[in-house]
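Asks: The structure follows.
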Amino acid sequence: MFTPISQGPETHGEIEALTKRFDLNVMFDSGGYEVQVGNKEFDDLYSYLIDFYGENNWGHRYVLPDNVPLTDDPPNVVDRKVDETLSATEMCFRRLSEDRQSRAVAVVQGHTTDQLYRCLNKYSQLDGLQHVGFGSFGTGGVSNGVNMLTTEAFHNLSTVVDRAHEEGLSVHAFGVGGPTSLPLLHEAGVDSFDTTSWMRSSGYGNVFFPFKSRFNASHRKNRSGNVLTASELPHLRAETGHKCPFCENIRNLRNNRWDRVIHNLIVIHEMTNQMTEMTTEEIIGAMDPNSRYRKRLEDVQKTRPVRGPIST
(Lines give C-alpha, C1' and ligand atoms only; values in the text may rest on other atoms or scores of the structure.)
Protein backbone atom coordinates (compact mmCIF):
# COMPACT_ATOMS: atom_id res chain seq x y z
CA MET A 1 0.00 0.00 0.00
CA PHE A 2 1.32 3.44 -0.83
CA THR A 3 0.03 7.00 -1.09
CA PRO A 4 0.66 8.45 -4.56
CA ILE A 5 -0.10 12.06 -3.58
CA SER A 6 2.73 12.04 -1.03
CA GLN A 7 5.33 10.74 -3.50
CA GLY A 8 6.80 11.90 -6.78
CA PRO A 9 7.00 10.36 -10.27
CA GLU A 10 10.33 8.66 -9.57
CA THR A 11 8.90 6.76 -6.61
CA HIS A 12 5.76 5.93 -8.57
CA GLY A 13 7.92 4.41 -11.31
CA GLU A 14 10.00 2.37 -8.86
CA ILE A 15 6.91 0.93 -7.14
CA GLU A 16 5.26 0.11 -10.46
CA ALA A 17 8.41 -1.69 -11.61
CA LEU A 18 8.60 -3.70 -8.37
CA THR A 19 4.90 -4.53 -8.63
CA LYS A 20 5.31 -5.98 -12.09
CA ARG A 21 8.63 -7.69 -11.39
CA PHE A 22 7.43 -9.53 -8.30
CA ASP A 23 3.71 -9.79 -9.17
CA LEU A 24 2.67 -7.75 -6.13
CA ASN A 25 -0.79 -6.48 -5.20
CA VAL A 26 -0.56 -2.76 -4.45
CA MET A 27 -3.33 -0.66 -2.95
CA PHE A 28 -3.33 3.02 -3.92
CA ASP A 29 -4.22 5.00 -0.80
CA SER A 30 -6.39 8.09 -1.13
CA GLY A 31 -4.14 10.39 0.88
CA GLY A 32 -6.72 10.73 3.65
CA TYR A 33 -3.95 10.28 6.21
CA GLU A 34 -2.08 13.26 4.72
CA VAL A 35 -5.21 15.35 5.31
CA GLN A 36 -5.59 13.85 8.78
CA VAL A 37 -2.14 15.06 9.90
CA GLY A 38 -2.42 18.42 8.14
CA ASN A 39 -0.04 17.86 5.22
CA LYS A 40 -2.74 18.22 2.54
CA GLU A 41 -6.15 19.80 2.10
CA PHE A 42 -9.10 17.51 1.39
CA ASP A 43 -9.89 19.43 -1.79
CA ASP A 44 -6.46 18.39 -3.12
CA LEU A 45 -7.41 14.70 -3.14
CA TYR A 46 -10.25 14.57 -5.66
CA SER A 47 -8.56 16.16 -8.66
CA TYR A 48 -5.28 14.40 -7.99
CA LEU A 49 -6.85 10.94 -7.67
CA ILE A 50 -8.97 11.36 -10.80
CA ASP A 51 -5.83 12.04 -12.83
CA PHE A 52 -3.61 9.45 -11.17
CA TYR A 53 -6.17 6.65 -11.18
CA GLY A 54 -7.03 7.36 -14.79
CA GLU A 55 -3.40 7.11 -15.86
CA ASN A 56 -2.38 4.06 -13.79
CA ASN A 57 -4.09 0.70 -14.32
CA TRP A 58 -1.64 -1.44 -12.33
CA GLY A 59 -3.27 -0.99 -8.90
CA HIS A 60 -4.93 -3.91 -7.14
CA ARG A 61 -7.16 -1.51 -5.16
CA TYR A 62 -8.03 2.17 -5.63
CA VAL A 63 -9.02 3.93 -2.39
CA LEU A 64 -11.52 6.74 -3.01
CA PRO A 65 -11.24 10.19 -1.33
CA ASP A 66 -12.02 10.35 2.38
CA ASN A 67 -11.87 13.02 5.06
CA VAL A 68 -10.96 11.46 8.41
CA PRO A 69 -12.88 12.71 11.48
CA LEU A 70 -10.55 13.24 14.43
CA THR A 71 -11.35 12.10 17.97
CA ASP A 72 -11.68 15.68 19.23
CA ASP A 73 -13.71 16.99 16.28
CA PRO A 74 -17.08 18.43 17.36
CA PRO A 75 -20.19 16.65 16.00
CA ASN A 76 -20.88 19.25 13.31
CA VAL A 77 -17.33 18.90 11.95
CA VAL A 78 -17.61 15.10 11.90
CA ASP A 79 -20.89 15.38 10.02
CA ARG A 80 -19.34 17.76 7.50
CA LYS A 81 -16.41 15.42 6.91
CA VAL A 82 -18.77 12.50 6.36
CA ASP A 83 -20.73 14.55 3.80
CA GLU A 84 -17.52 15.55 2.04
CA THR A 85 -16.37 11.94 1.95
CA LEU A 86 -19.66 10.75 0.46
CA SER A 87 -19.79 13.46 -2.19
CA ALA A 88 -16.16 13.08 -3.31
CA THR A 89 -16.37 9.28 -3.24
CA GLU A 90 -19.40 9.15 -5.52
CA MET A 91 -17.97 11.67 -7.99
CA CYS A 92 -14.61 9.93 -8.13
CA PHE A 93 -16.15 6.46 -8.47
CA ARG A 94 -18.39 7.47 -11.36
CA ARG A 95 -15.41 8.85 -13.26
CA LEU A 96 -13.42 5.61 -13.01
CA SER A 97 -13.41 3.09 -15.82
CA GLU A 98 -15.50 -0.03 -15.23
CA ASP A 99 -12.48 -2.23 -14.51
CA ARG A 100 -11.20 0.24 -11.92
CA GLN A 101 -14.65 0.57 -10.33
CA SER A 102 -14.52 -3.14 -9.48
CA ARG A 103 -11.21 -2.49 -7.70
CA ALA A 104 -12.30 0.70 -5.92
CA VAL A 105 -12.48 0.97 -2.11
CA ALA A 106 -15.02 3.42 -0.66
CA VAL A 107 -14.11 4.54 2.86
CA VAL A 108 -16.67 4.47 5.68
CA GLN A 109 -16.23 7.42 8.04
CA GLY A 110 -18.20 8.64 11.03
CA HIS A 111 -18.54 8.51 14.79
CA THR A 112 -22.20 7.51 15.04
CA THR A 113 -24.16 4.52 13.76
CA ASP A 114 -26.28 6.87 11.66
CA GLN A 115 -23.18 8.28 9.93
CA LEU A 116 -21.78 4.80 9.30
CA TYR A 117 -25.08 3.64 7.82
CA ARG A 118 -25.28 6.74 5.63
CA CYS A 119 -21.95 5.73 4.13
CA LEU A 120 -22.91 2.09 3.65
CA ASN A 121 -26.32 2.96 2.19
CA LYS A 122 -24.68 5.28 -0.34
CA TYR A 123 -21.98 2.77 -1.25
CA SER A 124 -24.42 -0.11 -1.68
CA GLN A 125 -26.10 1.98 -4.40
CA LEU A 126 -22.88 2.39 -6.42
CA ASP A 127 -23.24 -0.26 -9.10
CA GLY A 128 -20.03 -2.25 -9.41
CA LEU A 129 -18.52 -1.33 -6.04
CA GLN A 130 -17.26 -4.44 -4.24
CA HIS A 131 -15.03 -3.14 -1.43
CA VAL A 132 -15.26 -0.71 1.47
CA GLY A 133 -12.75 0.35 4.08
CA PHE A 134 -13.10 1.50 7.68
CA GLY A 135 -11.11 4.57 8.67
CA SER A 136 -12.80 6.05 11.74
CA PHE A 137 -10.50 4.77 14.45
CA GLY A 138 -9.59 6.83 17.45
CA THR A 139 -6.83 9.33 16.72
CA GLY A 140 -4.00 10.53 18.94
CA GLY A 141 -0.31 11.29 19.08
CA VAL A 142 1.52 14.07 17.28
CA SER A 143 -0.76 15.76 14.71
CA ASN A 144 -3.37 13.03 15.36
CA GLY A 145 -1.18 10.67 13.33
CA VAL A 146 -1.79 7.51 15.36
CA ASN A 147 -4.92 5.40 14.88
CA MET A 148 -6.22 3.64 17.99
CA LEU A 149 -8.68 0.78 18.36
CA THR A 150 -10.80 2.31 21.10
CA THR A 151 -13.90 0.61 22.50
CA GLU A 152 -16.09 2.91 20.40
CA ALA A 153 -14.01 2.29 17.28
CA PHE A 154 -14.23 -1.47 17.75
CA HIS A 155 -18.00 -1.28 18.11
CA ASN A 156 -18.25 0.86 14.97
CA LEU A 157 -15.91 -1.43 13.04
CA SER A 158 -17.98 -4.49 13.99
CA THR A 159 -21.17 -2.68 12.93
CA VAL A 160 -19.65 -1.83 9.55
CA VAL A 161 -18.34 -5.36 8.97
CA ASP A 162 -21.70 -6.98 9.73
CA ARG A 163 -23.68 -4.57 7.55
CA ALA A 164 -21.15 -4.56 4.69
CA HIS A 165 -21.01 -8.34 4.55
CA GLU A 166 -24.80 -8.42 4.34
CA GLU A 167 -24.44 -6.23 1.23
CA GLY A 168 -21.76 -8.51 -0.22
CA LEU A 169 -18.95 -5.98 0.33
CA SER A 170 -15.50 -6.84 1.65
CA VAL A 171 -14.08 -4.69 4.47
CA HIS A 172 -10.53 -3.37 4.82
CA ALA A 173 -9.31 -1.80 8.09
CA PHE A 174 -7.01 1.17 7.54
CA GLY A 175 -3.88 1.95 9.49
CA VAL A 176 -4.15 0.00 12.74
CA GLY A 177 -2.69 -3.35 13.73
CA GLY A 178 -0.11 -3.87 16.49
CA PRO A 179 0.32 -7.39 17.93
CA THR A 180 -2.32 -6.94 20.61
CA SER A 181 -4.89 -5.24 18.38
CA LEU A 182 -4.79 -7.84 15.59
CA PRO A 183 -6.98 -10.29 17.56
CA LEU A 184 -9.68 -7.60 17.77
CA LEU A 185 -9.54 -7.02 14.01
CA HIS A 186 -9.93 -10.77 13.60
CA GLU A 187 -12.82 -10.82 16.05
CA ALA A 188 -14.53 -7.97 14.21
CA GLY A 189 -14.35 -10.02 11.03
CA VAL A 190 -12.40 -7.70 8.71
CA ASP A 191 -11.26 -9.21 5.42
CA SER A 192 -7.95 -7.36 5.29
CA PHE A 193 -5.97 -4.66 7.06
CA ASP A 194 -2.86 -2.54 6.71
CA THR A 195 -0.50 -1.23 9.33
CA THR A 196 2.80 0.62 9.63
CA SER A 197 3.18 -0.19 13.33
CA TRP A 198 5.99 -2.66 12.57
CA MET A 199 8.05 0.17 11.06
CA ARG A 200 7.02 3.12 13.20
CA SER A 201 7.42 1.31 16.50
CA SER A 202 10.91 0.10 15.59
CA GLY A 203 12.04 3.71 15.32
CA TYR A 204 11.40 4.07 19.04
CA GLY A 205 13.45 0.95 19.79
CA ASN A 206 10.39 -1.29 20.18
CA VAL A 207 10.08 -4.90 19.04
CA PHE A 208 7.06 -7.17 18.68
CA PHE A 209 6.45 -10.79 19.59
CA PRO A 210 3.28 -12.70 18.71
CA PHE A 211 0.29 -11.73 20.89
CA LYS A 212 2.51 -9.77 23.32
CA SER A 213 2.72 -6.11 24.20
CA ARG A 214 5.70 -4.33 22.69
CA PHE A 215 9.15 -4.48 24.26
CA ASN A 216 11.86 -1.83 24.11
CA ALA A 217 15.16 -3.32 22.96
CA SER A 218 17.15 -0.09 22.93
CA HIS A 219 16.84 0.34 26.71
CA ARG A 220 15.54 3.86 26.34
CA LYS A 221 13.44 3.88 29.45
CA ASN A 222 11.74 7.12 28.50
CA ARG A 223 10.38 5.37 25.41
CA SER A 224 7.26 3.21 25.30
CA GLY A 225 7.39 -0.54 25.92
CA ASN A 226 8.78 -2.78 28.64
CA VAL A 227 12.57 -3.10 28.49
CA LEU A 228 13.76 -6.31 26.81
CA THR A 229 16.91 -7.83 28.34
CA ALA A 230 19.37 -10.34 26.91
CA SER A 231 18.30 -12.96 29.45
CA GLU A 232 14.60 -12.53 28.63
CA LEU A 233 14.96 -12.79 24.85
CA PRO A 234 15.45 -16.59 24.53
CA HIS A 235 12.56 -17.26 26.92
CA LEU A 236 10.29 -14.92 24.95
CA ARG A 237 11.24 -16.61 21.68
CA ALA A 238 10.52 -20.01 23.18
CA GLU A 239 7.21 -18.95 24.75
CA THR A 240 5.85 -17.42 21.53
CA GLY A 241 7.44 -19.91 19.15
CA HIS A 242 8.88 -17.08 17.09
CA LYS A 243 12.25 -17.52 15.40
CA CYS A 244 13.86 -15.31 12.79
CA PRO A 245 17.46 -14.32 11.95
CA PHE A 246 16.85 -10.77 13.10
CA CYS A 247 16.18 -11.53 16.77
CA GLU A 248 18.79 -14.23 17.43
CA ASN A 249 20.63 -11.96 19.86
CA ILE A 250 19.85 -8.77 21.72
CA ARG A 251 22.62 -6.83 19.97
CA ASN A 252 20.81 -7.04 16.65
CA LEU A 253 17.60 -5.67 18.11
CA ARG A 254 19.32 -3.09 20.28
CA ASN A 255 21.64 -1.56 17.70
CA ASN A 256 20.08 -2.06 14.28
CA ARG A 257 16.80 -0.36 13.45
CA TRP A 258 16.38 -2.37 10.24
CA ASP A 259 16.71 -5.63 12.16
CA ARG A 260 13.86 -4.43 14.37
CA VAL A 261 11.82 -3.35 11.31
CA ILE A 262 12.08 -6.70 9.50
CA HIS A 263 11.65 -8.69 12.72
CA ASN A 264 8.44 -6.77 13.54
CA LEU A 265 7.09 -7.26 10.03
CA ILE A 266 7.70 -11.01 10.23
CA VAL A 267 5.86 -11.13 13.56
CA ILE A 268 2.81 -9.34 12.11
CA HIS A 269 2.78 -11.74 9.15
CA GLU A 270 3.13 -14.79 11.42
CA MET A 271 0.33 -13.65 13.70
CA THR A 272 -2.04 -13.06 10.82
CA ASN A 273 -1.48 -16.62 9.63
CA GLN A 274 -1.58 -18.15 13.11
CA MET A 275 -4.95 -16.66 14.01
CA THR A 276 -6.66 -18.45 11.13
CA GLU A 277 -5.83 -21.75 12.86
CA MET A 278 -6.68 -20.68 16.42
CA THR A 279 -9.88 -20.49 18.42
CA THR A 280 -10.74 -17.27 20.21
CA GLU A 281 -9.99 -18.98 23.51
CA GLU A 282 -6.50 -19.95 22.28
CA ILE A 283 -5.86 -16.41 21.10
CA ILE A 284 -6.91 -14.97 24.46
CA GLY A 285 -4.66 -17.46 26.23
CA ALA A 286 -1.66 -16.36 24.17
CA MET A 287 -2.14 -12.65 24.93
CA ASP A 288 -0.62 -10.78 27.85
CA PRO A 289 -2.87 -11.22 30.90
CA ASN A 290 -2.87 -7.49 31.65
CA SER A 291 -3.44 -6.32 28.08
CA ARG A 292 -6.48 -4.04 27.74
CA TYR A 293 -7.11 -5.61 24.34
CA ARG A 294 -7.22 -9.07 25.90
CA LYS A 295 -9.83 -7.88 28.39
CA ARG A 296 -11.83 -6.31 25.58
CA LEU A 297 -11.62 -9.50 23.54
CA GLU A 298 -12.80 -11.53 26.51
CA ASP A 299 -15.84 -9.27 26.79
CA VAL A 300 -16.84 -9.25 23.12
CA GLN A 301 -16.14 -12.86 22.15
CA LYS A 302 -18.92 -14.10 24.41
CA THR A 303 -21.56 -12.61 22.15
CA ARG A 304 -19.95 -12.73 18.69
CA PRO A 305 -19.92 -15.60 16.17
CA VAL A 306 -16.76 -17.33 15.01
CA ARG A 307 -14.91 -15.24 12.42
CA GLY A 308 -13.01 -16.18 9.29
CA PRO A 309 -9.41 -15.33 8.29
CA ILE A 310 -8.00 -11.90 7.55
CA SER A 311 -5.15 -10.91 5.29
CA THR A 312 -2.65 -8.08 5.16
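By convention in this document, the chains of the C-alpha coordinates carry letters A, B, ... by their order, each chain's residues are numbered from 1, and ligands are numbered from 1 in the order they are shown.
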If we count only C-alpha atoms, what is near Ile15 (chain A) at a cut-off of 12 Å, once residues fewer than 2 positions away on the same chain are taken out, given as a PyMOL selection string?
Replies: chain A and resi 1-4+7-13+17-28+56+58-59
Asks: Sort by chain and increasing residue number a table of all residues of region 172-200 of chain A within 8 Å of region 253-268 of chain A, each with its closest pair of atoms and their distance in Å to one decimal, counting only C-alpha atoms, and write it as a tab-separated table.
Replies:
```
residue	atom	partner	partner_atom	distance
A:Gly178	CA	A:Ile268	CA	7.6
A:Pro179	CA	A:Ile268	CA	6.6
A:Trp198	CA	A:Asn264	CA	4.9
A:Met199	CA	A:Val261	CA	5.2
```
Asks: Generate the output file for the selected residues, N, CA and C atoms, as a JSON list (two decimals), in the first residue's frame.
Replies:
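Everything below was put into out21.json:
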```
[["chain", "number", "residue", "atom", "x", "y", "z"],
["A", 178, "GLY", "N", -1.22, -3.35, 15.71],
["A", 178, "GLY", "CA", -0.11, -3.87, 16.49],
["A", 178, "GLY", "C", -0.43, -5.28, 16.95],
["A", 179, "PRO", "N", 0.53, -5.98, 17.55],
["A", 179, "PRO", "CA", 0.32, -7.39, 17.93],
["A", 179, "PRO", "C", -0.88, -7.64, 18.82],
["A", 198, "TRP", "N", 4.73, -1.91, 12.56],
["A", 198, "TRP", "CA", 5.99, -2.66, 12.57],
["A", 198, "TRP", "C", 7.18, -1.76, 12.25],
["A", 199, "MET", "N", 6.97, -0.75, 11.41],
["A", 199, "MET", "CA", 8.05, 0.17, 11.06],
["A", 199, "MET", "C", 8.15, 1.34, 12.04]]
```
Asks: Excluding Leu45 (chain A) and any residue of its chain fewer than 2 positions from it, enumerate the residues within 9 Å of it, using only C-alpha atoms, and give them as JSON, numbers by chain.
Replies: {"A": [5, 30, 31, 32, 35, 40, 41, 42, 43, 47, 48, 49, 50, 64, 65, 66, 88]}
Asks: So which bits of region 24-265 of chain A end up alpha helix (DSSP H) when you DSSP the backbone, as a ChimeraX atom specification?
Replies: /A:32-36,42-55,75-94,98-101,113-124,151-166,182-188,197-200,232-240,250-255,257-265
Asks: Can you tell me which residues surround Ser87 (chain A) at a distance of at most 12 Å, considering only C-alpha atoms, apart from same-chain residues fewer than 3 positions away, and format the answer as a list of chain:residue names?
Replies: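 Result of the neighbour search: A:Phe42, A:Asp43, A:Tyr46, A:Leu64, A:Pro65, A:Asp66, A:Asn67, A:Arg80, A:Lys81, A:Val82, A:Asp83, A:Glu84, A:Glu90, A:Met91, A:Cys92, A:Phe93, A:Arg94, A:Ala106, A:Val107, A:Arg118, A:Cys119, A:Lys122, A:Tyr123.
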Asks: When you count only C-alpha atoms, which of these residues is closest to Leu116 (chain A): A:Met148, A:Ala104, A:Leu157, A:Leu169?
Replies: A:Leu157
Asks: Between CA of Phe154 (chain A) and CA of Tyr293 (chain A), what distance in Å does the model show, to one decimal?
Replies: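 Here the two named atoms are 10.5 Å from each other.
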Asks: What are the DSSP strand (DSSP E) residues of region 74-297 of chain A, as a PyMOL selection string?
Replies: chain A and resi 104-108+131-134+138-140+146-148+170-173+192-193+206-207+215-216+226-227
